[in-house]
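data28.cif (mmCIF, C-alpha atoms)
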data_query
loop_
_atom_site.label_atom_id
_atom_site.label_comp_id
_atom_site.auth_asym_id
_atom_site.auth_seq_id
_atom_site.Cartn_x
_atom_site.Cartn_y
_atom_site.Cartn_z
CA HIS A 1 1.60 14.70 -14.91
CA ASP A 2 3.58 17.60 -13.45
CA ALA A 3 1.19 17.89 -10.50
CA ILE A 4 1.70 14.22 -9.63
CA LEU A 5 5.47 14.65 -9.70
CA ALA A 6 5.11 17.76 -7.51
CA PHE A 7 2.97 15.79 -5.08
CA GLU A 8 5.57 13.01 -4.97
CA GLY A 9 8.24 15.56 -4.09
CA PHE A 10 6.09 17.14 -1.41
CA ILE A 11 4.92 13.92 0.26
CA SER A 12 8.31 12.18 0.20
CA PRO A 13 9.60 11.81 3.78
CA THR A 14 12.34 13.98 5.20
CA ALA A 15 15.46 12.61 6.88
CA ALA A 16 13.95 13.50 10.27
CA GLU A 17 10.77 11.52 9.48
CA ARG A 18 12.85 8.52 8.48
CA ARG A 19 14.90 8.74 11.69
CA MET A 20 11.72 8.89 13.75
CA ARG A 21 10.48 5.66 12.20
CA VAL A 22 13.85 3.96 12.59
CA SER A 23 13.77 4.90 16.27
CA LEU A 24 10.29 3.44 16.73
CA ILE A 25 11.31 0.21 14.99
CA SER A 26 14.43 -0.04 17.17
CA GLY A 27 12.27 0.36 20.27
CA ILE A 28 9.97 -2.50 19.20
CA ILE A 29 12.97 -4.71 18.37
CA ASN A 30 14.49 -4.09 21.82
CA THR A 31 11.18 -4.82 23.56
CA VAL A 32 10.56 -8.06 21.65
CA GLN A 33 14.11 -9.37 22.01
CA THR A 34 14.11 -8.59 25.73
CA LEU A 35 10.99 -10.74 26.03
CA TRP A 36 12.08 -13.40 23.50
CA PRO A 37 15.85 -13.21 22.80
CA GLU A 38 15.66 -15.90 20.11
CA ALA A 39 12.90 -14.20 18.10
CA MET A 40 13.54 -12.33 14.83
CA VAL A 41 11.89 -8.94 14.35
CA ILE A 42 11.59 -7.91 10.70
CA PRO A 43 10.19 -4.59 9.46
CA PHE A 44 8.55 -4.75 6.03
CA GLY A 45 6.00 -2.97 3.89
CA SER A 46 5.89 0.64 2.81
CA PHE A 47 8.70 1.88 5.07
CA ILE A 48 11.15 -0.62 3.60
CA SER A 49 9.96 -0.07 0.02
CA GLY A 50 10.00 3.72 0.43
CA LEU A 51 6.28 4.10 -0.37
CA PHE A 52 5.04 5.34 3.00
CA LEU A 53 3.11 8.52 3.68
CA PRO A 54 5.07 10.57 6.22
CA ASN A 55 3.94 11.67 9.65
CA ARG A 56 2.80 15.21 8.98
CA TYR A 57 -0.39 17.14 8.58
CA ALA A 58 -1.45 16.74 5.00
CA PRO A 59 -2.93 19.47 2.81
CA ILE A 60 -6.14 18.94 0.86
CA THR A 61 -6.39 20.85 -2.39
CA PHE A 62 -9.45 21.42 -4.55
CA ALA A 63 -7.52 20.50 -7.69
CA LEU A 64 -4.53 18.21 -7.91
CA ALA A 65 -2.99 20.51 -10.49
CA ALA A 66 -2.93 23.30 -7.90
CA LEU A 67 -1.37 21.12 -5.23
CA LEU A 68 1.21 22.99 -3.15
CA ILE A 69 0.28 26.23 -4.92
CA GLU A 70 -3.08 27.45 -3.62
CA HIS A 71 -6.32 26.48 -1.82
CA GLN A 72 -4.47 24.44 0.83
CA LEU A 73 -6.54 23.37 3.83
CA PHE A 74 -5.50 21.10 6.68
CA VAL A 75 -7.19 18.05 8.10
CA ASN A 76 -7.32 17.32 11.81
CA GLN A 77 -5.68 13.93 11.57
CA LEU A 78 -2.39 12.52 10.38
CA LEU A 79 -2.56 10.72 7.04
CA CYS A 80 0.54 8.61 7.62
CA SER A 81 1.35 5.04 6.70
CA ASP A 82 1.64 2.29 9.28
CA ILE A 83 4.95 0.72 10.21
CA ASP A 84 4.65 -3.03 9.55
CA ILE A 85 6.67 -5.45 11.70
CA VAL A 86 6.56 -9.24 11.90
CA VAL A 87 7.91 -11.29 14.80
CA ILE A 88 9.20 -14.70 13.76
CA GLY A 89 9.92 -17.52 16.20
CA ALA A 90 8.34 -16.17 19.39
CA PRO A 91 8.29 -19.12 21.86
CA SER A 92 4.76 -18.46 23.04
CA HIS A 93 1.34 -20.03 22.57
CA ASP A 94 -0.26 -16.59 22.80
CA PRO A 95 2.33 -14.07 21.53
CA ILE A 96 -0.18 -11.26 20.90
CA HIS A 97 -1.34 -11.03 24.52
CA ASP A 98 2.12 -11.75 25.95
CA LEU A 99 3.70 -8.87 24.01
CA ALA A 100 0.70 -6.60 24.63
CA ARG A 101 1.15 -6.97 28.41
CA VAL A 102 4.77 -5.86 28.13
CA LEU A 103 3.95 -2.92 25.87
CA ARG A 104 1.23 -1.67 28.24
CA ASN A 105 3.85 -1.28 30.97
CA GLN A 106 5.95 1.10 28.89
CA GLN A 107 5.98 4.82 29.55
CA PRO A 108 4.26 6.44 27.83
CA ALA A 109 2.07 3.42 27.14
CA PRO A 110 0.99 3.26 23.49
CA LYS A 111 -2.64 3.24 22.47
CA MET A 112 -3.28 -0.38 21.56
CA THR A 113 -5.85 -2.55 19.75
CA LEU A 114 -5.60 -6.33 19.48
CA ILE A 115 -6.99 -7.76 16.24
CA THR A 116 -7.26 -11.44 17.11
CA ARG A 117 -9.91 -12.71 14.68
CA ALA A 118 -8.48 -11.42 11.41
CA ARG A 119 -6.87 -13.69 8.83
CA VAL A 120 -3.55 -12.28 10.08
CA PRO A 121 -3.95 -11.47 13.80
CA LEU A 122 -1.93 -8.46 14.91
CA ILE A 123 -1.32 -5.75 17.47
CA LYS A 124 -2.11 -2.23 16.31
CA LEU A 125 -0.19 0.41 18.26
CA VAL A 126 -0.31 4.17 18.12
CA ASP A 127 2.83 5.82 19.47
CA ARG A 128 1.52 8.69 21.57
CA PRO A 129 4.40 11.18 21.12
CA THR A 130 4.41 10.91 17.30
CA GLY A 131 0.94 9.61 16.44
CA CYS A 132 2.53 6.97 14.22
CA GLN A 133 0.78 3.60 13.96
CA ILE A 134 2.65 0.30 14.18
CA ASP A 135 1.20 -3.07 13.14
CA ILE A 136 2.87 -6.14 14.68
CA SER A 137 2.08 -9.59 13.33
CA PHE A 138 3.51 -12.97 14.26
CA ASN A 139 5.04 -15.87 12.32
CA VAL A 140 3.77 -14.74 8.90
CA PRO A 141 6.87 -14.58 6.66
CA ASN A 142 5.10 -13.55 3.45
CA GLY A 143 5.15 -9.85 4.42
CA PRO A 144 8.93 -9.44 3.99
CA GLU A 145 8.80 -11.65 0.88
CA ASN A 146 6.12 -9.45 -0.66
CA THR A 147 8.21 -6.36 0.07
CA LYS A 148 11.09 -7.86 -1.94
CA LEU A 149 8.68 -8.37 -4.84
CA VAL A 150 7.52 -4.74 -4.64
CA ARG A 151 11.09 -3.45 -4.64
CA HIS A 152 11.78 -5.54 -7.75
CA PHE A 153 8.86 -3.93 -9.61
CA LEU A 154 9.82 -0.46 -8.39
CA GLN A 155 13.08 -0.89 -10.30
CA MET A 156 11.20 -2.14 -13.35
CA TYR A 157 8.48 0.57 -13.53
CA HIS A 158 9.43 4.08 -12.46
CA GLN A 159 5.75 5.09 -12.68
CA ILE A 160 4.81 3.01 -9.61
CA ARG A 161 6.10 5.31 -6.87
CA PRO A 162 4.37 8.59 -7.82
CA LEU A 163 1.10 6.86 -8.71
CA ALA A 164 1.11 4.71 -5.57
CA LEU A 165 1.65 7.72 -3.31
CA VAL A 166 -1.27 9.60 -4.90
CA ILE A 167 -3.60 6.58 -4.64
CA LYS A 168 -2.60 5.85 -1.04
CA PHE A 169 -3.16 9.48 -0.08
CA PHE A 170 -6.54 9.49 -1.87
CA LEU A 171 -7.67 6.44 0.12
CA ALA A 172 -6.24 7.68 3.43
CA GLN A 173 -8.19 10.93 3.11
CA ARG A 174 -11.38 8.87 2.87
CA GLN A 175 -10.39 6.39 5.62
CA LEU A 176 -10.40 3.56 3.08
CA ASN A 177 -6.83 2.42 3.73
CA GLU A 178 -7.41 -0.07 6.56
CA VAL A 179 -8.24 -3.64 5.57
CA TYR A 180 -9.79 -4.60 8.90
CA THR A 181 -12.35 -1.77 8.57
CA GLY A 182 -13.26 -2.62 4.98
CA GLY A 183 -10.59 -0.64 3.11
CA ILE A 184 -7.82 -1.77 0.81
CA GLY A 185 -4.23 -2.31 1.89
CA SER A 186 -1.06 -0.96 0.32
CA TYR A 187 0.05 -4.32 -1.07
CA ALA A 188 -3.24 -4.86 -2.91
CA ILE A 189 -3.00 -1.34 -4.36
CA LEU A 190 0.50 -2.07 -5.61
CA LEU A 191 -0.53 -5.35 -7.23
CA LEU A 192 -3.39 -3.60 -9.05
CA LEU A 193 -1.02 -0.87 -10.19
CA ILE A 194 1.70 -3.31 -11.30
CA SER A 195 -0.85 -5.32 -13.26
CA LEU A 196 -2.08 -2.16 -14.99
CA LEU A 197 1.48 -1.24 -16.00
CA GLN A 198 2.08 -4.77 -17.25
CA VAL A 199 -0.88 -4.28 -19.57
CA CYS A 200 0.24 -0.84 -20.70
CA PHE A 201 3.97 -1.45 -21.11
CA GLY A 202 4.48 -5.20 -20.97
CA SER A 203 3.56 -8.22 -23.00
CA LEU A 204 0.44 -9.14 -21.04
CA SER A 205 -2.12 -10.26 -23.59
CA PRO A 206 -5.19 -11.81 -21.96
CA SER A 207 -6.52 -15.00 -23.51
CA LEU A 208 -10.07 -14.05 -22.54
CA PRO A 209 -12.24 -11.53 -24.48
CA LEU A 210 -12.10 -9.00 -21.66
CA ARG A 211 -12.51 -5.26 -21.26
CA ILE A 212 -8.81 -5.18 -20.46
CA ASN A 213 -8.20 -5.21 -24.21
CA VAL A 214 -9.77 -1.74 -24.42
CA LEU A 215 -7.26 -0.52 -21.86
CA LYS A 216 -4.40 -2.13 -23.76
CA ASP A 217 -5.53 -0.49 -26.99
CA ARG A 218 -5.61 2.93 -25.30
CA CYS A 219 -2.11 2.41 -23.87
CA GLU A 220 -0.73 1.34 -27.24
CA TYR A 221 -2.30 4.44 -28.79
CA GLN A 222 -0.57 6.61 -26.17
CA GLN A 223 2.74 4.89 -26.87
CA ARG A 224 2.40 5.66 -30.57
CA LYS A 225 1.86 9.30 -29.63
CA GLY A 226 4.92 9.22 -27.35
CA GLN A 227 2.84 9.62 -24.15
CA THR A 228 4.11 6.58 -22.28
CA ASP A 229 5.03 8.61 -19.19
CA ASP A 230 1.79 10.56 -18.81
CA LEU A 231 1.17 9.90 -15.12
CA GLY A 232 -2.10 11.82 -15.17
CA GLN A 233 -3.51 9.60 -17.88
CA LEU A 234 -2.29 6.46 -16.11
CA LEU A 235 -3.98 7.59 -12.88
CA LEU A 236 -7.27 8.12 -14.71
CA GLU A 237 -6.92 4.69 -16.36
CA PHE A 238 -6.36 3.12 -12.93
CA PHE A 239 -9.52 4.61 -11.43
CA ASP A 240 -11.59 4.00 -14.55
CA PHE A 241 -10.55 0.39 -15.04
CA TYR A 242 -10.63 -0.81 -11.43
CA GLY A 243 -13.50 1.45 -10.43
CA ARG A 244 -15.87 0.81 -13.33
CA HIS A 245 -14.92 -2.25 -15.34
CA PHE A 246 -12.98 -4.88 -13.39
CA ASN A 247 -15.02 -7.92 -12.27
CA TYR A 248 -13.66 -8.63 -8.79
CA TYR A 249 -16.01 -11.55 -8.21
CA ASN A 250 -14.90 -13.78 -11.08
CA VAL A 251 -11.48 -12.57 -12.22
CA GLY A 252 -8.14 -12.64 -10.43
CA ILE A 253 -4.81 -11.06 -11.32
CA SER A 254 -1.26 -12.35 -11.15
CA VAL A 255 1.90 -10.29 -11.64
CA ARG A 256 4.14 -13.34 -12.09
CA ASP A 257 5.95 -14.00 -15.36
CA GLY A 258 4.84 -10.79 -17.02
CA GLY A 259 1.32 -10.82 -15.58
CA SER A 260 -1.91 -12.66 -16.30
CA TYR A 261 -5.63 -12.79 -15.55
CA TYR A 262 -7.53 -15.90 -14.55
CA ILE A 263 -11.04 -17.04 -13.71
CA LYS A 264 -11.38 -17.71 -9.99
CA VAL A 265 -12.23 -21.21 -8.85
CA GLY A 266 -15.98 -21.52 -8.47
CA ALA A 267 -16.78 -18.53 -10.66
CA LEU A 268 -20.20 -18.87 -12.24
CA SER A 269 -19.18 -17.79 -15.71
CA GLN A 270 -16.09 -18.51 -17.80
CA THR A 271 -16.86 -15.75 -20.29
CA THR A 272 -17.61 -12.79 -18.04
CA ASN A 273 -16.01 -9.47 -18.80
CA ILE A 274 -13.46 -7.94 -16.46
#

File written out as structure tokens:
Amino acid sequence: HDAILAFEGFISPTAAERRMRVSLISGIINTVQTLWPEAMVIPFGSFISGLFLPNRYAPITFALAALLIEHQLFVNQLLCSDIDIVVIGAPSHDPIHDLARVLRNQQPAPKMTLITRARVPLIKLVDRPTGCQIDISFNVPNGPENTKLVRHFLQMYHQIRPLALVIKFFLAQRQLNEVYTGGIGSYAILLLLISLLQVCFGSLSPSLPLRINVLKDRCEYQQRKGQTDDLGQLLLEFFDFYGRHFNYYNVGISVRDGGSYYIKVGALSQTTNI
């Protein structure tokens, strides 16, 4: 528990790191609005919610409990969160390539990858001076809407921020944090975490005879012992439940109205365990 709180304090961005990201966002806004004055440019995601990993070299420790104390090594890459930006209302039939041509003429030109065949096509930039990555999507308004939802739950569950930062760092170390390369995105992580907390501290009571009931029993036992804020135990429950027991093929989660679980359309079995 204490080690997770120490990690949260260490990994939280400094004022200078925030200013750097604000400057990068301002540069993108100026570029887009010079090209398309009527377009809206909206940052969203982890920078807006305050859940981003900062742009610094990140220490690896052999034991989380010893984090920031001893055995610190350094990786040769930056484990920082992307900056997510959506452009709404660009008057173009091919906004990705039109904006990419403009960005390539900037000095210094950013390193750029165009992801055109994904469910949400986007431009992936790497700012050369800072190494920070920027993802630019087009005409997909659900990103900012999802960020509002995350900020609502951050106010409801104070456990989200420290746990989310540890999980995001864990995945980034293993290069499992990019959806387009087979990893899991920040928003999905947050939904899994919110659902877990709804089970542990909310009124979520699944109507199906699922393994989730075992998790709920353990959480209720911890509450009776006064251990509701044991972040270490919650982190272990997260990895155990979603890593060993949850049935991703047949069961879906919802965090609406206190949370629920449902059988996916087309699932082969209506009685499968999570």

> Within 12 Å of Gln175 in chain A, counting all atoms listed in the file, which residues qualify if same-chain residues fewer than 2 places away don't, as a VMD selection string?
Replying inline: chain A and resid 77 to 81 168 to 173 177 to 185

Each range 78-122 of chain A residue no farther than 10 Å from range 24-46 of chain A, nearest pair in Å, only C-alpha atoms, as a tab-separated table:
residue	atom	partner	partner_atom	distance
A:Ser81	CA	A:Ser46	CA	7.4
A:Asp82	CA	A:Ser46	CA	7.9
A:Ile83	CA	A:Gly45	CA	7.4
A:Asp84	CA	A:Phe44	CA	5.5
A:Ile85	CA	A:Pro43	CA	4.3
A:Val86	CA	A:Ile42	CA	5.3
A:Val87	CA	A:Val41	CA	4.6
A:Ile88	CA	A:Met40	CA	5.1
A:Gly89	CA	A:Ala39	CA	4.8
A:Ala90	CA	A:Ala39	CA	5.1
A:Pro91	CA	A:Trp36	CA	7.1
A:Ser92	CA	A:Trp36	CA	8.9
A:Pro95	CA	A:Trp36	CA	10.0
A:Asp98	CA	A:Leu35	CA	8.9
A:Leu99	CA	A:Val32	CA	7.3
A:Val102	CA	A:Thr31	CA	7.9
A:Leu103	CA	A:Thr31	CA	7.8
A:Gln106	CA	A:Thr31	CA	9.5

> So, counting all atoms listed in the file, which residue among A:Lys111, A:Phe201, A:Met156, A:Arg117 is closest to Thr130 in chain A?
Replying inline: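 Closest residue, counting all atoms listed in the file: A:Lys111.
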
Run the PyMOL selection byres ((chain A and resi 12) around 12) against the file shown and list the residues it catches, as a compact mmCIF listing (two decimals) with C-alpha atoms, in the frame of the given file.
# COMPACT_ATOMS: atom_id res chain seq x y z
CA LEU A 5 5.47 14.65 -9.70
CA ALA A 6 5.11 17.76 -7.51
CA PHE A 7 2.97 15.79 -5.08
CA GLU A 8 5.57 13.01 -4.97
CA GLY A 9 8.24 15.56 -4.09
CA PHE A 10 6.09 17.14 -1.41
CA ILE A 11 4.92 13.92 0.26
CA PRO A 13 9.60 11.81 3.78
CA THR A 14 12.34 13.98 5.20
CA ALA A 15 15.46 12.61 6.88
CA ALA A 16 13.95 13.50 10.27
CA GLU A 17 10.77 11.52 9.48
CA ARG A 18 12.85 8.52 8.48
CA PHE A 47 8.70 1.88 5.07
CA GLY A 50 10.00 3.72 0.43
CA LEU A 51 6.28 4.10 -0.37
CA PHE A 52 5.04 5.34 3.00
CA LEU A 53 3.11 8.52 3.68
CA PRO A 54 5.07 10.57 6.22
CA ASN A 55 3.94 11.67 9.65
CA ARG A 56 2.80 15.21 8.98
CA ALA A 58 -1.45 16.74 5.00
CA CYS A 80 0.54 8.61 7.62
CA SER A 81 1.35 5.04 6.70
CA ARG A 161 6.10 5.31 -6.87
CA PRO A 162 4.37 8.59 -7.82
CA ALA A 164 1.11 4.71 -5.57
CA LEU A 165 1.65 7.72 -3.31
CA VAL A 166 -1.27 9.60 -4.90
CA PHE A 169 -3.16 9.48 -0.08

> Quick one: distance from CA of Arg151 in chain A to CA of Ile48 in chain A in Å, one decimal?
Replying inline: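 Rounded to one decimal, the two atoms are 8.7 Å apart.
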